[in-house]
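Participant: Below you'll find target.txt; it's compact mmCIF, C-alpha atoms and all ligand atoms.
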# COMPACT_ATOMS: atom_id res chain seq x y z
CA MET A 24 127.59 54.36 2.23
CA HIS A 25 125.69 55.71 5.25
CA ASN A 26 126.34 52.44 6.97
CA ILE A 27 130.10 52.92 6.51
CA GLN A 28 129.95 56.57 7.54
CA GLN A 29 127.91 55.77 10.62
CA LEU A 30 130.07 52.79 11.52
CA SER A 31 133.22 54.91 11.20
CA ALA A 32 131.70 57.53 13.50
CA THR A 33 130.93 54.82 16.07
CA ILE A 34 134.50 53.49 15.91
CA ILE A 35 135.94 57.03 16.19
CA GLY A 36 133.75 57.58 19.26
CA GLN A 37 135.15 54.40 20.81
CA VAL A 38 138.73 55.50 20.12
CA LEU A 39 138.08 58.86 21.74
CA ALA A 40 136.77 56.99 24.76
CA GLY A 41 140.12 55.17 24.93
CA ARG A 42 139.67 52.08 22.74
CA ASN A 43 142.34 50.82 20.39
CA LEU A 44 141.44 51.46 16.71
CA ASN A 45 142.45 48.00 15.49
CA GLN A 46 140.22 46.34 18.05
CA GLY A 47 137.27 48.53 17.07
CA LEU A 48 137.84 47.98 13.35
CA ASN A 49 138.33 44.22 13.65
CA GLU A 50 135.20 43.82 15.71
CA ALA A 51 133.16 45.90 13.23
CA LEU A 52 134.51 43.92 10.28
CA GLN A 53 133.66 40.64 11.98
CA ARG A 54 130.14 41.86 12.67
CA HIS A 55 129.77 43.00 9.03
CA SER A 56 131.36 39.99 7.41
CA SER A 57 129.27 40.56 4.26
CA PHE A 58 131.16 43.79 3.47
CA THR A 59 132.87 43.78 0.09
CA PRO A 60 136.65 44.43 -0.04
CA GLN A 61 135.78 47.97 -1.22
CA GLU A 62 133.53 48.55 1.77
CA ARG A 63 136.15 47.20 4.14
CA GLY A 64 138.75 49.49 2.55
CA ALA A 65 136.38 52.47 2.75
CA LEU A 66 135.75 51.86 6.46
CA GLN A 67 139.47 51.72 7.16
CA ASP A 68 140.18 54.84 5.10
CA LEU A 69 137.49 56.81 6.91
CA CYS A 70 138.69 55.78 10.37
CA TYR A 71 142.39 56.27 9.71
CA GLY A 72 141.90 59.50 7.75
CA THR A 73 139.57 61.03 10.32
CA LEU A 74 141.97 60.27 13.17
CA ARG A 75 144.99 61.59 11.24
CA ASN A 76 143.20 64.90 10.78
CA TYR A 77 141.00 64.89 13.86
CA GLY A 78 142.38 68.09 15.43
CA GLN A 79 141.78 70.03 12.24
CA LEU A 80 138.30 68.55 11.70
CA VAL A 81 137.19 69.42 15.24
CA ALA A 82 138.54 72.96 14.86
CA ILE A 83 136.43 73.32 11.70
CA LEU A 84 133.36 71.84 13.37
CA ASN A 85 133.68 74.19 16.34
CA GLU A 86 133.81 77.12 13.95
CA LEU A 87 130.57 75.94 12.32
CA LEU A 88 128.64 75.52 15.57
CA SER A 89 127.29 78.31 17.73
CA LYS A 90 127.53 76.07 20.81
CA PRO A 91 129.25 72.71 21.41
CA LEU A 92 127.22 69.57 20.69
CA GLN A 93 126.07 67.67 23.76
CA ASP A 94 125.73 64.38 21.91
CA THR A 95 129.17 63.00 21.08
CA ARG A 96 127.64 60.58 18.53
CA LEU A 97 126.52 63.58 16.51
CA ARG A 98 129.91 65.22 16.88
CA ASP A 99 131.69 62.09 15.62
CA LEU A 100 129.28 61.75 12.70
CA LEU A 101 129.89 65.36 11.64
CA VAL A 102 133.65 65.01 11.99
CA VAL A 103 133.63 61.94 9.72
CA ALA A 104 131.37 63.68 7.20
CA ILE A 105 133.62 66.77 7.13
CA TYR A 106 136.60 64.48 6.58
CA GLN A 107 134.80 62.90 3.61
CA LEU A 108 133.90 66.28 2.14
CA GLN A 109 137.42 67.61 2.52
CA TYR A 110 139.57 64.59 1.73
CA SER A 111 137.62 61.87 -0.08
CA LYS A 112 136.28 61.57 -3.60
CA ALA A 113 132.74 60.76 -2.38
CA ALA A 114 129.99 62.86 -3.98
CA HIS A 115 129.16 65.78 -1.70
CA TYR A 116 125.39 65.35 -1.94
CA ALA A 117 125.70 61.68 -0.93
CA VAL A 118 127.92 62.50 2.09
CA VAL A 119 125.42 65.11 3.30
CA ASP A 120 122.36 62.93 2.67
CA HIS A 121 123.84 59.97 4.49
CA ALA A 122 124.91 62.10 7.45
CA VAL A 123 121.42 63.61 7.71
CA HIS A 124 119.87 60.15 7.59
CA ALA A 125 122.30 58.83 10.26
CA ALA A 126 121.71 61.90 12.46
CA LYS A 127 117.93 61.36 12.35
CA MET A 128 118.47 57.83 13.62
CA ILE A 129 120.32 59.28 16.63
CA ASN A 130 117.74 62.02 17.23
CA ALA A 131 114.95 62.86 14.77
CA ALA A 132 115.32 66.58 15.47
CA THR A 133 118.97 66.85 14.41
CA GLY A 134 118.69 66.27 10.65
CA GLY A 135 118.31 70.00 9.95
CA LEU A 136 121.34 70.96 12.04
CA VAL A 137 123.57 68.37 10.34
CA ASN A 138 122.38 69.46 6.91
CA ALA A 139 123.06 73.13 7.74
CA VAL A 140 126.51 72.49 9.22
CA LEU A 141 127.70 70.42 6.26
CA ARG A 142 126.28 72.79 3.61
CA ASN A 143 127.88 75.68 5.44
CA PHE A 144 131.19 73.81 5.42
CA LEU A 145 130.96 73.38 1.65
CA ARG A 146 130.25 77.09 1.19
CA LYS A 147 133.14 78.30 3.35
CA GLN A 148 135.58 75.42 2.91
CA THR A 149 138.74 77.40 2.02
CA GLN A 150 138.21 79.99 4.71
CA LEU A 151 137.51 77.30 7.32
CA MET A 152 140.69 75.44 6.47
CA GLN A 153 142.64 78.63 7.10
CA ILE A 154 140.84 79.34 10.37
CA SER A 155 141.44 75.79 11.59
CA ALA A 156 145.21 76.35 11.32
CA LYS A 157 145.12 79.21 13.84
CA THR A 158 145.44 76.88 16.81
CA GLU A 159 148.25 74.33 17.00
CA GLU A 160 145.87 71.44 17.66
CA GLY A 161 144.00 72.44 14.52
CA ARG A 162 147.17 72.95 12.46
CA TYR A 163 149.00 69.78 13.45
CA SER A 164 146.18 67.46 14.62
CA TYR A 165 147.83 66.36 17.87
CA GLN A 166 146.92 67.06 21.49
CA GLN A 167 148.55 70.27 22.74
CA TRP A 168 150.66 68.52 25.43
CA TRP A 169 152.13 66.30 22.71
CA ILE A 170 152.98 69.29 20.50
CA ASP A 171 154.57 71.08 23.47
CA SER A 172 156.59 68.05 24.41
CA ILE A 173 157.95 67.62 20.86
CA ARG A 174 158.78 71.33 20.69
CA ASN A 175 160.62 71.24 24.04
CA GLN A 176 162.77 68.42 22.76
CA TYR A 177 163.23 69.15 19.09
CA GLY A 178 162.68 72.91 18.61
CA ALA A 179 162.85 73.76 14.92
CA LEU A 180 162.20 70.14 13.88
CA THR A 181 158.77 70.13 15.56
CA SER A 182 156.68 70.78 12.50
CA SER A 183 158.43 68.18 10.32
CA ILE A 184 158.18 65.50 13.05
CA LEU A 185 154.48 66.16 13.60
CA GLN A 186 153.75 66.28 9.89
CA ALA A 187 155.67 63.04 9.26
CA GLY A 188 153.28 61.40 11.73
CA ASN A 189 150.31 62.48 9.64
CA GLN A 190 151.51 60.98 6.34
CA HIS A 191 150.45 57.66 4.90
CA PRO A 192 153.12 55.21 6.05
CA PRO A 193 155.50 53.67 3.53
CA MET A 194 155.40 49.91 2.98
CA THR A 195 158.88 48.44 3.37
CA LEU A 196 160.01 44.85 3.00
CA ARG A 197 162.89 42.92 4.49
CA VAL A 198 164.41 40.45 2.06
CA ASN A 199 165.35 37.15 3.73
CA GLU A 200 169.05 36.77 3.00
CA ARG A 201 168.80 33.02 3.54
CA SER A 202 166.44 32.90 0.54
CA THR A 203 167.59 35.41 -2.05
CA SER A 204 169.58 38.59 -2.66
CA THR A 205 167.95 42.01 -2.52
CA GLU A 206 168.89 42.56 -6.19
CA GLN A 207 167.19 39.32 -7.27
CA TYR A 208 164.09 40.15 -5.29
CA LEU A 209 163.91 43.61 -6.88
CA GLU A 210 163.97 41.88 -10.27
CA ARG A 211 161.03 39.69 -9.24
CA LEU A 212 159.09 42.79 -8.19
CA THR A 213 159.93 44.59 -11.44
CA ALA A 214 158.70 41.57 -13.44
CA LEU A 215 155.34 41.99 -11.69
CA GLU A 216 155.38 45.76 -12.30
CA ILE A 217 155.58 46.50 -8.57
CA GLU A 218 157.69 49.66 -8.36
CA ALA A 219 160.29 49.37 -5.65
CA GLN A 220 163.63 50.71 -4.49
CA GLN A 221 166.36 49.37 -2.23
CA ILE A 222 166.90 51.72 0.73
CA SER A 223 169.30 49.71 2.90
CA PRO A 224 171.02 46.32 2.49
CA ARG A 225 167.86 44.29 3.10
CA ALA A 226 165.13 46.95 2.98
CA VAL A 227 163.00 47.47 -0.11
CA TRP A 228 160.59 50.38 -0.22
CA LEU A 229 157.43 49.98 -2.31
CA LYS A 230 156.14 52.98 -4.20
CA THR A 231 152.56 51.82 -3.59
CA PRO A 232 151.59 49.46 -0.77
CA VAL A 233 150.18 46.09 -1.84
CA THR A 234 148.59 43.24 0.08
CA VAL A 235 151.08 40.53 1.06
CA ASP A 236 149.48 37.96 -1.26
CA LYS A 237 150.73 40.10 -4.17
CA LEU A 238 154.35 39.88 -2.95
CA PRO A 239 156.31 37.18 -4.77
CA GLY A 240 157.53 34.50 -2.38
CA PHE A 241 155.86 35.97 0.71
CA PHE A 242 154.23 32.71 1.77
CA ASP A 243 157.50 30.85 1.11
CA GLY A 244 159.39 33.10 3.52
CA VAL A 245 161.37 35.05 0.92
CA VAL A 246 160.30 38.40 2.29
CA SER A 247 158.62 40.06 5.29
CA VAL A 248 156.99 43.42 5.88
CA GLN A 249 159.12 45.50 8.25
CA ASP A 250 159.79 49.21 8.52
CA ALA A 251 163.33 50.25 7.57
CA GLY A 252 163.83 51.82 11.02
CA ALA A 253 162.99 48.52 12.71
CA GLN A 254 165.59 46.86 10.48
CA TYR A 255 168.36 48.82 12.23
CA ALA A 256 168.07 46.62 15.33
CA ALA A 257 169.63 43.40 14.00
CA GLY A 258 172.75 45.24 12.82
CA LEU A 259 173.14 47.45 15.90
CA LEU A 260 173.12 44.53 18.36
CA ASP A 261 176.60 43.44 17.11
CA VAL A 262 175.71 39.74 16.96
CA HIS A 263 178.13 36.98 15.86
CA ASP A 264 177.47 33.40 14.85
CA GLY A 265 177.29 30.98 17.77
CA MET A 266 175.96 33.49 20.28
CA ARG A 267 173.07 32.95 22.68
CA VAL A 268 170.64 35.83 22.21
CA LEU A 269 167.48 36.91 24.04
CA ASP A 270 164.75 38.93 22.33
CA ALA A 271 162.90 39.94 25.48
CA CYS A 272 159.78 41.54 23.93
CA ALA A 273 159.64 39.56 20.73
CA ALA A 274 156.12 39.46 19.33
CA PRO A 275 155.19 39.46 16.48
CA GLY A 276 158.77 38.45 15.81
CA GLY A 277 160.01 40.91 13.17
CA LYS A 278 163.36 41.62 14.82
CA SER A 279 163.81 38.02 16.04
CA ALA A 280 163.33 36.77 12.49
CA HIS A 281 165.74 39.36 11.10
CA LEU A 282 168.40 38.21 13.62
CA LEU A 283 167.88 34.56 12.67
CA GLU A 284 168.00 35.35 8.96
CA SER A 285 171.32 37.13 9.48
CA TYR A 286 173.20 34.95 12.01
CA ASN A 287 173.51 31.32 13.14
CA ILE A 288 172.54 31.83 16.77
CA GLU A 289 170.48 30.33 19.57
CA LEU A 290 167.62 32.75 20.02
CA VAL A 291 165.13 32.84 22.89
CA ALA A 292 162.06 34.81 21.83
CA LEU A 293 160.19 35.94 24.93
CA ASP A 294 156.86 37.74 25.13
CA LYS A 295 154.36 38.02 27.91
CA ASP A 296 151.36 37.87 25.59
CA GLU A 297 150.61 34.27 24.67
CA GLN A 298 148.43 35.15 21.67
CA ARG A 299 151.04 37.49 20.26
CA LEU A 300 153.65 34.77 20.76
CA GLU A 301 151.61 32.59 18.37
CA ARG A 302 152.31 35.19 15.70
CA VAL A 303 156.04 34.75 16.33
CA GLN A 304 155.55 31.02 15.76
CA GLU A 305 153.65 31.64 12.50
CA ASN A 306 156.38 33.97 11.27
CA MET A 307 159.12 31.51 12.17
CA GLN A 308 157.29 28.75 10.29
CA ARG A 309 156.77 30.91 7.22
CA LEU A 310 160.41 31.98 7.22
CA LYS A 311 161.65 28.43 8.05
CA LEU A 312 163.53 29.66 11.13
CA THR A 313 163.83 28.23 14.62
CA ALA A 314 163.60 30.12 17.91
CA ILE A 315 162.99 29.00 21.47
CA LEU A 316 159.60 30.56 22.18
CA THR A 317 158.95 31.46 25.81
CA CYS A 318 155.91 33.06 27.34
CA GLY A 319 156.91 35.20 30.30
CA ASP A 320 157.36 38.64 31.77
CA ALA A 321 160.71 40.26 30.99
CA ALA A 322 160.45 42.05 34.33
CA GLU A 323 160.21 38.71 36.18
CA PRO A 324 162.97 36.45 34.80
CA GLN A 325 163.01 34.36 37.99
CA VAL A 326 159.83 32.71 36.64
CA TRP A 327 161.15 31.61 33.21
CA TRP A 328 164.95 32.01 33.01
CA ASP A 329 167.05 28.78 32.98
CA GLY A 330 170.07 30.55 34.52
CA LYS A 331 172.25 30.50 31.34
CA VAL A 332 173.46 34.02 30.54
CA PHE A 333 172.98 35.65 27.15
CA ASP A 334 175.73 37.19 24.98
CA ARG A 335 173.26 39.65 23.52
CA ILE A 336 169.85 40.92 24.63
CA LEU A 337 167.37 42.90 22.60
CA ALA A 338 164.91 44.82 24.80
CA ASP A 339 162.33 46.19 22.36
CA VAL A 340 160.26 47.47 25.25
CA PRO A 341 156.57 48.47 25.38
CA CYS A 342 156.30 52.22 24.75
CA SER A 343 153.98 55.06 23.78
CA ALA A 344 154.43 54.23 20.05
CA SER A 345 154.75 57.97 19.43
CA GLY A 346 157.20 57.28 16.58
CA VAL A 347 154.70 55.18 14.61
CA VAL A 348 151.54 57.28 14.81
CA ARG A 349 151.15 57.33 11.03
CA ARG A 350 150.47 53.58 11.30
CA HIS A 351 148.35 53.99 14.45
CA PRO A 352 146.74 57.47 14.38
CA ASP A 353 144.50 56.54 17.34
CA ILE A 354 147.62 56.78 19.55
CA LYS A 355 147.63 60.58 19.06
CA TRP A 356 144.26 60.83 20.82
CA ILE A 357 144.41 57.93 23.29
CA ARG A 358 147.65 58.80 25.05
CA ARG A 359 147.76 60.96 28.19
CA PRO A 360 150.89 62.57 29.69
CA SER A 361 150.68 60.18 32.65
CA ASP A 362 150.98 57.22 30.22
CA ILE A 363 154.47 58.35 29.24
CA GLU A 364 155.52 58.28 32.89
CA GLY A 365 153.90 54.83 33.22
CA PHE A 366 155.79 53.46 30.21
CA ALA A 367 159.07 54.92 31.51
CA GLY A 368 158.50 53.07 34.81
CA GLN A 369 157.86 49.74 33.02
CA GLN A 370 160.86 50.26 30.75
CA ALA A 371 163.19 50.90 33.70
CA GLN A 372 161.84 47.80 35.45
CA ILE A 373 162.39 45.57 32.41
CA LEU A 374 165.92 46.91 31.87
CA GLU A 375 166.79 46.38 35.52
CA ALA A 376 165.42 42.80 35.50
CA LEU A 377 167.17 41.81 32.25
CA TRP A 378 170.61 43.18 33.13
CA PRO A 379 171.67 40.23 35.37
CA LEU A 380 170.86 37.86 32.45
CA LEU A 381 173.57 39.47 30.30
CA ALA A 382 177.04 37.85 30.20
CA ARG A 383 180.07 39.93 31.27
CA GLY A 384 181.25 41.85 28.23
CA GLY A 385 177.82 41.22 26.64
CA LYS A 386 175.68 43.84 24.93
CA LEU A 387 172.05 44.86 25.36
CA LEU A 388 170.20 46.89 22.75
CA TYR A 389 167.38 48.98 24.21
CA ALA A 390 164.79 49.93 21.59
CA THR A 391 161.54 51.89 21.52
CA CYS A 392 159.34 53.23 18.74
CA SER A 393 158.95 56.45 20.70
CA VAL A 394 160.16 59.99 20.04
CA PHE A 395 159.77 61.06 23.68
CA PHE A 396 163.02 61.72 25.57
CA ARG A 397 161.36 60.47 28.79
CA GLU A 398 161.12 56.90 27.43
CA ASN A 399 164.45 57.00 25.65
CA GLN A 400 167.55 58.95 26.69
CA GLN A 401 166.19 59.51 30.21
CA VAL A 402 165.52 55.81 30.90
CA ILE A 403 169.03 54.97 29.66
CA GLY A 404 170.68 57.87 31.51
CA ASP A 405 168.99 56.86 34.78
CA PHE A 406 169.97 53.21 34.28
CA ILE A 407 173.63 54.04 33.64
CA SER A 408 173.73 56.30 36.69
CA ARG A 409 172.62 53.30 38.81
CA HIS A 410 175.07 50.80 37.21
CA ASN A 411 178.81 51.42 37.25
CA GLU A 412 179.33 48.24 35.25
CA ALA A 413 177.17 49.51 32.35
CA LYS A 414 178.61 51.67 29.55
CA GLN A 415 176.74 53.12 26.64
CA VAL A 416 178.41 52.19 23.34
CA VAL A 417 178.32 54.91 20.69
CA ILE A 418 176.31 53.69 17.72
CA SER A 419 176.82 55.29 14.38
CA ALA A 420 174.17 54.93 11.75
CA HIS A 421 173.92 57.91 9.45
CA ASP A 422 170.55 59.26 10.59
CA LEU A 423 170.64 58.27 14.27
CA ASN A 424 170.99 61.37 16.39
CA ASN A 425 171.85 60.54 20.00
CA GLY A 426 170.15 57.20 19.33
CA GLN A 427 167.00 58.82 17.99
CA LEU A 428 165.69 58.03 14.53
CA LEU A 429 163.06 60.58 13.55
CA PRO A 430 160.15 59.59 11.31
CA ASN A 431 160.58 60.56 7.66
CA ASP A 432 159.71 59.34 4.15
CA SER A 433 161.83 56.19 4.49
CA HIS A 434 161.26 55.02 8.05
CA ASP A 435 159.26 55.38 11.26
CA GLY A 436 160.55 56.96 14.49
CA PHE A 437 162.69 54.72 16.73
CA PHE A 438 165.20 55.02 19.54
CA TYR A 439 168.19 52.75 20.04
CA ALA A 440 170.75 52.61 22.86
CA LEU A 441 173.45 49.95 23.07
CA LEU A 442 174.72 49.10 26.56
CA GLN A 443 177.75 46.94 27.34
CA LYS A 444 178.48 45.18 30.61
CA ASP A 445 182.06 45.42 31.85
CA ALA A 446 184.06 42.27 31.14
C1 LIG B 501 157.23 46.82 20.44
S1 LIG B 501 156.49 45.28 20.57
C2 LIG B 501 157.79 44.24 20.05
C3 LIG B 501 157.96 44.15 18.56
C4 LIG B 501 158.92 43.04 18.17
N1 LIG B 501 160.21 43.19 18.82
C5 LIG B 501 159.13 42.98 16.68
O1 LIG B 501 160.10 43.51 16.17
O2 LIG B 501 158.29 42.38 16.01
C6 LIG B 501 156.48 45.05 22.28
C7 LIG B 501 156.12 43.64 22.74
O3 LIG B 501 156.44 43.57 24.12
C8 LIG B 501 155.54 42.70 24.75
N2 LIG B 501 155.65 43.00 26.18
C9 LIG B 501 155.15 44.07 26.86
N3 LIG B 501 155.52 44.03 28.15
C10 LIG B 501 156.28 42.91 28.29
C11 LIG B 501 156.96 42.31 29.37
N4 LIG B 501 156.92 42.87 30.60
N5 LIG B 501 157.61 41.16 29.17
C12 LIG B 501 157.65 40.58 27.95
N6 LIG B 501 157.03 41.10 26.88
C13 LIG B 501 156.36 42.25 27.04
C14 LIG B 501 154.22 43.02 24.09
O4 LIG B 501 153.33 41.92 24.23
C15 LIG B 501 154.66 43.26 22.64
O5 LIG B 501 154.52 42.10 21.90
Before we go any further, please render this structure as structure tokens.
Facilitator:
Amino acid sequence: MHNIQQLSATIIGQVLAGRNLNQGLNEALQRHSSFTPQERGALQDLCYGTLRNYGQLVAILNELLSKPLQDTRLRDLLVVAIYQLQYSKAAHYAVVDHAVHAAKMINAATGGLVNAVLRNFLRKQTQLMQISAKTEEGRYSYQQWWIDSIRNQYGALTSSILQAGNQHPPMTLRVNERSTSTEQYLERLTALEIEAQQISPRAVWLKTPVTVDKLPGFFDGVVSVQDAGAQYAAGLLDVHDGMRVLDACAAPGGKSAHLLESYNIELVALDKDEQRLERVQENMQRLKLTAILTCGDAAEPQVWWDGKVFDRILADVPCSASGVVRRHPDIKWIRRPSDIEGFAGQQAQILEALWPLLARGGKLLYATCSVFFRENQQVIGDFISRHNEAKQVVISAHDLNNGQLLPNDSHDGFFYALLQKDA
């Protein structure tokens, strides 16, 4: 286990230095290709769990130390070990022994300190948990600027939004209506004793996540994995058969595929990342759908656009991903306030560049998986103030508030705004 503990600490250190968690994990798993499925799962659990609770774990560690640790490798090791002691079923003696062993490999003199800190944690665990909740970073496990920003926007909802981002994410499926009905698919799941529930016309929520190979019909394109909040997009865009539609930031193709499953349309799926565009192709093949795949920058249509306007455009723009942090807990620690400004700039640029591609009377759905006003209502408000010929269409879905879908038990956090060009 010490290998897993140590490896997790290394990956956490990389994330705190700004690296994406998936990249770190994938690289580690490639390097340790002999890991068993259990070891792979344990590594993922430790990394995800530690990052979900990082603010609390650091608050506890600071309480246990008389002065801050100079060596960040030691800090990350202790944080992972405290996570294991607090949240995992691993035997306490094994967690402490492995951490001491790993610490000695970093610096032979630190074994005693690590042993003392972890034993002290076990002695004062309840009290330390209470103390850690005294600061907001410790209580919620987000950076303070993030907490402040959510509070400024959402007031009394702050705690529930932040806590929703620290839960394990639900696994939700989208049933391909060209293949089967949602009712029939639920029966197939029940036959396999996979507990599930329909939560919207095509969305099926699984009580316990499973790997896709356990899902009946997955490889035949009967079903896809897609959050219920992401499934709002296809309906909100107000598409009709025969339309020409652009999905301007399409990869990996979840919303493109949903549109093609629902309507007989010509769909251009654009993405600027060639490798990610390959995933759109794989998804289209699995689902037996056809899209016109185009690699290009949505902010530079002069390079790839054929001049034929679109009846509908989906702009699922790059964003902070602040609405999906339970799936990507590294985001909580990687983002800086200046990033939000940077995303807002890119989003405005993309919107501006795509607008001329929309037919008169056509509609554009702007989407983010962010909960920050700056990337959502403000980008749309600024755009409308610059364009007399753009109107925002009121969209009514039961839990959309001013376009904002807040993360909860059934879906992630998203923002949607529908714009129409004057006829
Ligand atoms: C939120 S993801 C899209 C998810 C996708 N719509 C789905 O439902 O599966 C954003 C995508 O935008 C792409 N992207 C970022 N900037 C872009 C740009 N300027 N032009 C085109 N694609 C861009 C990224 O490569 C990424 O695949």
Participant: Please write out the residues within 8 Å of ligand LIG 501 (chain B) as a PyMOL selection string, counting only C-alpha atoms and all ligand atoms.
Facilitator: chain A and resi 253+270-279+293-296+299-300+303+318-323+338-342+344+369+373+391-392
Participant: Excluding Val402 in chain A and its own-chain neighbours fewer than 4 positions away, which residues fall within 12 Å of it when counting all atoms listed in the file? Please give them as a list of chain:residue names.
Facilitator: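 Contacts, in chain order: A:Val340, A:Cys342, A:Ile363, A:Glu364, A:Gly365, A:Phe366, A:Ala367, A:Gly368, A:Gln369, A:Gln370, A:Ala371, A:Gln372, A:Ile373, A:Leu374, A:Glu375, A:Tyr389, A:Ala390, A:Thr391, A:Phe395, A:Phe396, A:Arg397, A:Glu398, A:Phe406, A:Ile407, A:Ser408, A:Arg409, A:Phe438, A:Tyr439, A:Ala440.
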Participant: Got a sec: who's within 7 Å of Gly134 in chain A, counting only C-alpha atoms, leaving out chain neighbours fewer than 4 positions off, as a ChimeraX atom specification?
Facilitator: /A:123-124,126-127,138
Participant: Include C-alpha atoms and write out the residues we just selected as a PDB file, in the frame of the given file.
Facilitator:
ATOM      1  CA  VAL A 123     121.420  63.610   7.710  1.00  0.00           C
ATOM      2  CA  HIS A 124     119.870  60.150   7.590  1.00  0.00           C
ATOM      3  CA  ALA A 126     121.710  61.900  12.460  1.00  0.00           C
ATOM      4  CA  LYS A 127     117.930  61.360  12.350  1.00  0.00           C
ATOM      5  CA  ASN A 138     122.380  69.460   6.910  1.00  0.00           C
TER       6      ASN A 138
END
Participant: Kindly indicate which residue among A:Val417, A:Val326, A:Leu269, A:Ile184 lies nearest to Leu387 in chain A, using only C-alpha atoms for the distances.
Facilitator: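 Checking each of A:Val417, A:Val326, A:Leu269, A:Ile184 against Leu387 in chain A, counting only C-alpha atoms, the winner is A:Leu269.
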Participant: To one decimal in Å, tell me the separation between CA of Leu48 in chain A and CA of Val348 in chain A.
Facilitator: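 Value for the CA of Leu48 in chain A-CA of Val348 in chain A distance: 16.6 Å.
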Participant: Taking all atoms listed in the file into account, name the residue in A:Ser247, A:Ser433, A:Gln29, A:Gln443 that is nearest to Val118 in chain A.
Facilitator: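 Checking each candidate against Val118 in chain A, we get A:Gln29 as the closest.
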Participant: Contacts of Ser345 in chain A at 8 Å or less, counting all atoms listed in the file, minus same-chain residues fewer than 6 places along, as number ranges by chain?
Facilitator: A: 354-355, 392-395, 436
Participant: Could you take the residues named above and write them with C-alpha atoms, as a CSV table (one decimal), in the coordinates of the input?
Facilitator:
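The resulting file, part-v7.csv, is reproduced below:
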chain,number,residue,atom,x,y,z
A,354,ILE,CA,147.6,56.8,19.6
A,355,LYS,CA,147.6,60.6,19.1
A,392,CYS,CA,159.3,53.2,18.7
A,393,SER,CA,159.0,56.4,20.7
A,394,VAL,CA,160.2,60.0,20.0
A,395,PHE,CA,159.8,61.1,23.7
A,436,GLY,CA,160.6,57.0,14.5
Participant: Taking into account all atoms listed in the file, which residue in the set A:Gly64, A:Gly346, A:Gly36, A:Gly385 is nearest to Leu260 in chain A?
Facilitator: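 The answer is A:Gly385, which sits nearest to Leu260 in chain A.
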Participant: Export range 333-342 of chain A from the structure block above, keeping N, CA, C and O atoms, as a JSON list (two decimals), in the first residue's frame.
Facilitator:
[["chain", "number", "residue", "atom", "x", "y", "z"],
["A", 333, "PHE", "N", -26.19, 28.53, -40.32],
["A", 333, "PHE", "CA", -26.77, 27.46, -39.50],
["A", 333, "PHE", "C", -28.12, 27.93, -38.92],
["A", 333, "PHE", "O", -28.24, 29.09, -38.51],
["A", 334, "ASP", "N", -29.08, 27.01, -38.84],
["A", 334, "ASP", "CA", -30.38, 27.34, -38.21],
["A", 334, "ASP", "C", -30.25, 27.35, -36.69],
["A", 334, "ASP", "O", -30.97, 28.08, -36.00],
["A", 335, "ARG", "N", -29.36, 26.52, -36.21],
["A", 335, "ARG", "CA", -29.15, 26.43, -34.76],
["A", 335, "ARG", "C", -27.65, 26.28, -34.50],
["A", 335, "ARG", "O", -26.95, 25.59, -35.24],
["A", 336, "ILE", "N", -27.20, 26.90, -33.40],
["A", 336, "ILE", "CA", -25.79, 26.74, -32.99],
["A", 336, "ILE", "C", -25.77, 26.43, -31.50],
["A", 336, "ILE", "O", -26.45, 27.09, -30.70],
["A", 337, "LEU", "N", -25.01, 25.41, -31.16],
["A", 337, "LEU", "CA", -24.75, 25.13, -29.75],
["A", 337, "LEU", "C", -23.32, 25.58, -29.46],
["A", 337, "LEU", "O", -22.38, 25.11, -30.11],
["A", 338, "ALA", "N", -23.18, 26.50, -28.50],
["A", 338, "ALA", "CA", -21.83, 26.96, -28.11],
["A", 338, "ALA", "C", -21.59, 26.51, -26.67],
["A", 338, "ALA", "O", -21.90, 27.23, -25.71],
["A", 339, "ASP", "N", -21.07, 25.29, -26.54],
["A", 339, "ASP", "CA", -20.80, 24.71, -25.21],
["A", 339, "ASP", "C", -19.35, 25.07, -24.88],
["A", 339, "ASP", "O", -18.44, 24.25, -24.97],
["A", 340, "VAL", "N", -19.16, 26.31, -24.51],
["A", 340, "VAL", "CA", -17.84, 26.95, -24.51],
["A", 340, "VAL", "C", -16.90, 26.43, -23.40],
["A", 340, "VAL", "O", -17.37, 25.95, -22.37],
["A", 341, "PRO", "N", -15.57, 26.57, -23.62],
["A", 341, "PRO", "CA", -14.63, 26.23, -22.54],
["A", 341, "PRO", "C", -14.90, 27.13, -21.34],
["A", 341, "PRO", "O", -15.20, 28.30, -21.50],
["A", 342, "CYS", "N", -14.80, 26.56, -20.14],
["A", 342, "CYS", "CA", -15.15, 27.35, -18.94],
["A", 342, "CYS", "C", -14.37, 26.83, -17.74],
["A", 342, "CYS", "O", -13.60, 25.88, -17.84]]
